[in-house]
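In what follows, a structure is listed as structure tokens, so that the remarks can point back to it.
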Amino acid sequence: MKPTRYITEIVESLAPANRPEGFGDLFVALLRELVKGRPVSRTTLAVSLDWPAERVAAVLEQATSTEYDNDGNIIGYGLTLRETSHVVEIDSRRLYAWCALDTLMFPALIGRTARVSSHCAATGAPVALTVTPDEIRDVEPAHAAVSLVLPQAAADIRQSFCCHVHFFASALTAEDWASEHQGVEIVSVQEAFGLGRKLNRHLLQTIPSRTP
């Protein structure tokens, strides 16, 4: 399958129409609170969105992958305070992401530049890059690649999609890895960044004042 068609299918699968009503608004507000490096209460989200608490609770109830601490505060959804293999440094704060694509998407939604550090899922070799709201730069290794899969029809986006989306040191290494993993497509980091921008545009369709 051609990467452009594959990417289009992913965009359609993850479009706001397939998420709870109001999810895009809540997601962006949540990211911008999480980037402060501390757990986010439902009250904080309600104030930020000017929503009643019941509406915040209803949307969160359908976002089944959301991570919480022992006090019921949110500590992760895509961007997380819990350690993963994808490090995202923003404003000198060390945060983490669920998958390679998240690291390429979130700087535009947050409006901040991120230094991303990860590793090749096949060899363990380091992969690093800088992601601004508008571009990627300083990609090391220069020919790093990203794996993608079509999201499954499941409520848990982390298990159905994110757990399969990795960085690789090169397209050749990624293709070797993908040959043993059914349903995986390999794209360049730049193509994955382009997918992230498309997803951001779809996500923000209901938030006219915010653009990636």
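Here's how to read the names in the structure tokens: chain A, B, ... by the order shown, residue numbers from 1 in each chain, ligand numbers from 1 in the order shown.
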
| task | Write out as an MDAnalysis selection string which residues come within 7 Å of region 99-106 of chain A when counting only C-alpha atoms, dropping same-chain ones fewer than 2 positions away. | result | chainID A and resid 78 86 88 97 108:110 116 131 162:163 165:167 192:193 196:197 200

>> When DSSP is applied to the backbone of this structure, which of chain A are assigned strand (DSSP E or B)? Write them out as JSON, numbers by chain.
In response: {"A": [40, 67, 68, 74, 75, 76, 77, 79, 80, 86, 87, 88, 89, 90, 93, 94, 95, 96, 97, 114, 115, 116, 117, 118, 119, 126, 127, 128, 129, 130, 131, 136, 137, 138, 139, 140, 145, 146, 147, 148, 149, 167, 168, 184, 185, 186, 187, 188]}

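Between CA of Gly37 (chain A) and CA of Asp69 (chain A) there is a distance of 13.5 Å.
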
Residues of region 132-168 of chain A that approach region 53-68 of chain A to 9 Å or less, counting only C-alpha atoms: could you list each one with the shortest pair of atoms and its distance in Å to one decimal, rows by chain and increasing residue number, as JSON lines?
```
{"residue": "A:Ala155", "atom": "CA", "partner": "A:Thr64", "partner_atom": "CA", "distance": 6.4}
{"residue": "A:Asp156", "atom": "CA", "partner": "A:Ser65", "partner_atom": "CA", "distance": 5.3}
{"residue": "A:Ile157", "atom": "CA", "partner": "A:Ser65", "partner_atom": "CA", "distance": 6.6}
{"residue": "A:Arg158", "atom": "CA", "partner": "A:Ser65", "partner_atom": "CA", "distance": 6.3}
{"residue": "A:Gln159", "atom": "CA", "partner": "A:Ser65", "partner_atom": "CA", "distance": 8.4}
```

Shortest contact to Asp91 (chain A), candidates A:Leu30, A:Ala169, A:Ala114, A:Cys120, atoms counted only C-alpha atoms, goes to A:Ala114

- From the DSSP assignment of the backbone, select every residue of region 18-194 of chain A that is alpha helix (DSSP H), and format the answer as a PyMOL selection string. chain A and resi 23-34+42-49+53-62+100-110+157-160+171-178+189-194

A straight line from CA of Tyr96 (chain A) to CA of Thr80 (chain A) spans 5.2 Å
